[in-house]
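Visitor: A single structure is presented below for examination.
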Amino acid sequence: MAKTVKQLLQEYVVGASGISTAEIIIPPDLKLGDYATNVAFILAKQEGKKPADVAGELKEKLLGTDLAKMADVEVAPTGFINFFLKTEFLDEEIKKDKKIDLGQGKKVIVEYSSPNIAKPIHIGHLRSTIIGDALANVYEKLGYEVVRWNFIGDWGTQFGKLIAADKKWHGNFSDTLKDPIQEMLRLYVKFHEELKNNPELEKEGQKEFKKLETGDEENLIIWKSFRSASLAAFRIIFNKLGIDSEKFVIKGESDYEPRLKPLIEELKNKGLAIESEGALIVELENMPPALLRKTDGATLYMTRDIASLEDRIQNYNPAKILYVVANQQALHFEQLFAVAKKLGWDSTELSHVKFGMVLGEDGKKLATREGKVVALQEVIDRITSLALETVKQKSADLSEEDENKIAHAVAISALKYNDLKQHPHTDIQFDWKAMLDLSGNSGPYIQYTYARLANILSKAGNGPWETSASASVDLEGKLIERKLVNYLDVLIECTTPNALNGLALYLYDLSALANRFYENVRVLDEPDTEKKNARLNLIKVVADNLKDGLGLLGIQTLERI
RNA sequence: GCUCUCGUAGCUCAACGGAUCGAGCAGGGCUCUUCUAAGGCCUUGAUGGGGGUUCGAUUCCCUCCGAGAGCACCA
């Protein structure tokens, strides 16, 4: 495989400096160069000289190599050595197929979304779904074989509560099935309200779950109906979010029920599981123990997650498993990973991709407001109708069908980008006004840029357009070229902290450059065919790049907006 | 009380230990006979306090102040 510019530069710098840890970095300002190295600082320290002097000597050495063919080298007074890639080299680099094989077909399981049937699906699941899906896309792009794992919470005491509530207040579970998500939500809320006055309800819930666990026929039927109705409802939501639910490997916690007893036996035999205060636990260093079985004999989420991990490792043998789950569960995963280590399951790298809560405009938790839960469906509907108003206002001459199509794409784009542009580990403020502000650093801004570029391209007949090798683009174009070269690095960097804000920012920067480009440089009216074609080709690359990047974030591009 | 995540502009967010701490929104001022003004240009404005390590600290270490999350029978 062809080496990237960065890798080549690194080899030259390592060769000239003798420092194997030499790094190539991207300067903060394009004016400083396309790439830079700070290796002079390391050398200066070793030799007791000034960084700028060492950098000067290093530059001479570097110019004695083939590096001079691909870049101009300059030393900054600060001691950085900057590389300005030559235009033809930039051209070559941006035309390279960006699909690289970093993953080499290694398997990665990305667990995300993971709604819970017995608990309301709320806005927190949205973050997991958006982040997880985009992360899975990026890994796939980088050559990994990705398994999209949706671990449905369909078992546990919560379900007993739901059944108890249904029996108590609906009497006939088919009422619930008419609008499963809404009705289950209502039951959940009502159950917890009533619980305050009537603590006996807790026991009823436990009793119903126990019955379910031991195979009570009535409860089993209710459970099965709720489960399949919920899954169908989830599919509709995924569809609205532009997520292909066919790609999911859907597993429920219930699937592991038969596996729990033998697993517990195994843990006991290995001396890992011990009795404590009537419960069965695994003791861990520097953290509270992991609970496998309650005093009443029922298993827990931890037990089922261990069983699921065993399944994933045995049947998929993945190089990595990413759990895209909220911050609140950090301890759970630390415990899970510690248990896995004790079991000797160390062939797979486990990581918890944490994300913060969704807060309301007041900076307070949005998930529950006055005991009521913000349903995901409502969020999607509200943002779509707000987007429709904007579309009608901004683009008057559209058919109703196009208006709806664009409004939907813009709404989902605003929603997803608003989340992904931010580093996942912090809480996210859910500000309707800011999200629907379609200007500035937003998904719709990037979609707008794409649509403008696509419009120019379609008027020019969609190319390709012939240019000679000497045809150079303008200064504005040069800035864009330098940006484009970084795409691959940006994608790779998304996988080290498992965060996508770098990609989002890249797409925004590229869009801003593109907007300035067609603001300052006319394309279609350019009389010089050479120049015109060079500009068209550049625009084509940018448009393709935006489409590709937005696609990874799960955002649709539109030819007209 | 212990553990974890944080504290950057009026607000929401960026910044592998690197260059003059970047954006968007809000505020002020320009810009549509010209490929979509959901655009472009100019402008005001910030690292919670105190130590330390380093050639260099928003980033690493210590401490104080402040916010959030978690801490065995929920998931």
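Please note that chains go A, B, ... in the order of the structure tokens, that every chain numbers its residues from 1, and that ligands are numbered from 1 in the order shown.
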Could you list, as a VMD selection string, every residue within 12 Å of Leu350 (chain A), counting only C-alpha atoms (C1' of nucleotides) and ignoring same-chain residues fewer than 3 positions away?
Guide: chain A and resid 108 to 111 309 312 to 313 318 to 324 333 to 341 345 to 347 353
Visitor: For chain A against chain B, which residues fall within 7 Å using only C-alpha atoms (C1' of nucleotides), given as a PyMOL selection string?
Guide: chain A and resi 78+289+291+294-295+301+328+331+422+438-441+445+448+452+456+516+519+523-524
Visitor: Using CA of Thr348 (chain A) and CA of Gly554 (chain A) as the two end points, give the distance in Å to one decimal.
Guide: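 Pair CA of Thr348 (chain A) / CA of Gly554 (chain A) returns 27.2 Å.
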Visitor: Would you mind writing down, as a PyMOL selection string, each residue of region 108-188 of chain A that DSSP on the backbone assigns to helix (DSSP H, G or I)?
Guide: chain A and resi 123-141+157-169+173-178+180-188
Visitor: Please report, as a count of residues only, each residue of region 131-304 of chain A to which DSSP assigns strand (DSSP E or B) when run on this structure's backbone.
Guide: 27
Visitor: Select, from A:Met357, A:Ile480, A:Ala504, A:Ile117, the residue with the minimum atom-to-atom distance to Tyr518 (chain A), counting only C-alpha atoms.
Guide: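 Of A:Met357, A:Ile480, A:Ala504, A:Ile117, the one nearest Tyr518 (chain A), counting only C-alpha atoms, is A:Ile480.
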Visitor: Just give me the gap between CA of Tyr188 (chain A) and CA of Leu212 (chain A) in Å, one decimal is fine.
Guide: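 Atom-to-atom, CA of Tyr188 (chain A) to CA of Leu212 (chain A), that is 18.2 Å.
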Visitor: Please compute the CA of Glu401 (chain A)-CA of Asn418 (chain A) distance, one decimal, in Å.
Guide: 25.7 Å
Visitor: Tell me which protein, DNA and RNA residues are within 8 Å of Gly502 (chain A), counting only C-alpha atoms (C1' of nucleotides), leaving out same-chain ones fewer than 5 positions away, and put them as a list in words.
Guide: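 Residues near the query, excluding close chain neighbours: Lys421, Val490, Glu493 and Cys494 of chain A.
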Visitor: Restricting it to N, CA and C atoms, dump the selection as a PDB file, in the first residue's frame.
Guide:
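New file result_37.pdb:
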ATOM      1  N   LYS A 421     -20.427  16.964  17.091  1.00  0.00           N
ATOM      2  CA  LYS A 421     -19.385  17.990  17.022  1.00  0.00           C
ATOM      3  C   LYS A 421     -18.734  18.193  18.389  1.00  0.00           C
ATOM      4  N   VAL A 490      -7.447  12.376  10.130  1.00  0.00           N
ATOM      5  CA  VAL A 490      -8.593  12.734  10.966  1.00  0.00           C
ATOM      6  C   VAL A 490      -9.410  11.480  11.299  1.00  0.00           C
ATOM      7  N   GLU A 493      -7.567   9.334  13.751  1.00  0.00           N
ATOM      8  CA  GLU A 493      -7.589   9.930  15.090  1.00  0.00           C
ATOM      9  C   GLU A 493      -8.938   9.748  15.795  1.00  0.00           C
ATOM     10  N   CYS A 494      -9.974   9.537  15.005  1.00  0.00           N
ATOM     11  CA  CYS A 494     -11.289   9.288  15.613  1.00  0.00           C
ATOM     12  C   CYS A 494     -11.309   7.982  16.408  1.00  0.00           C
TER      13      CYS A 494
END
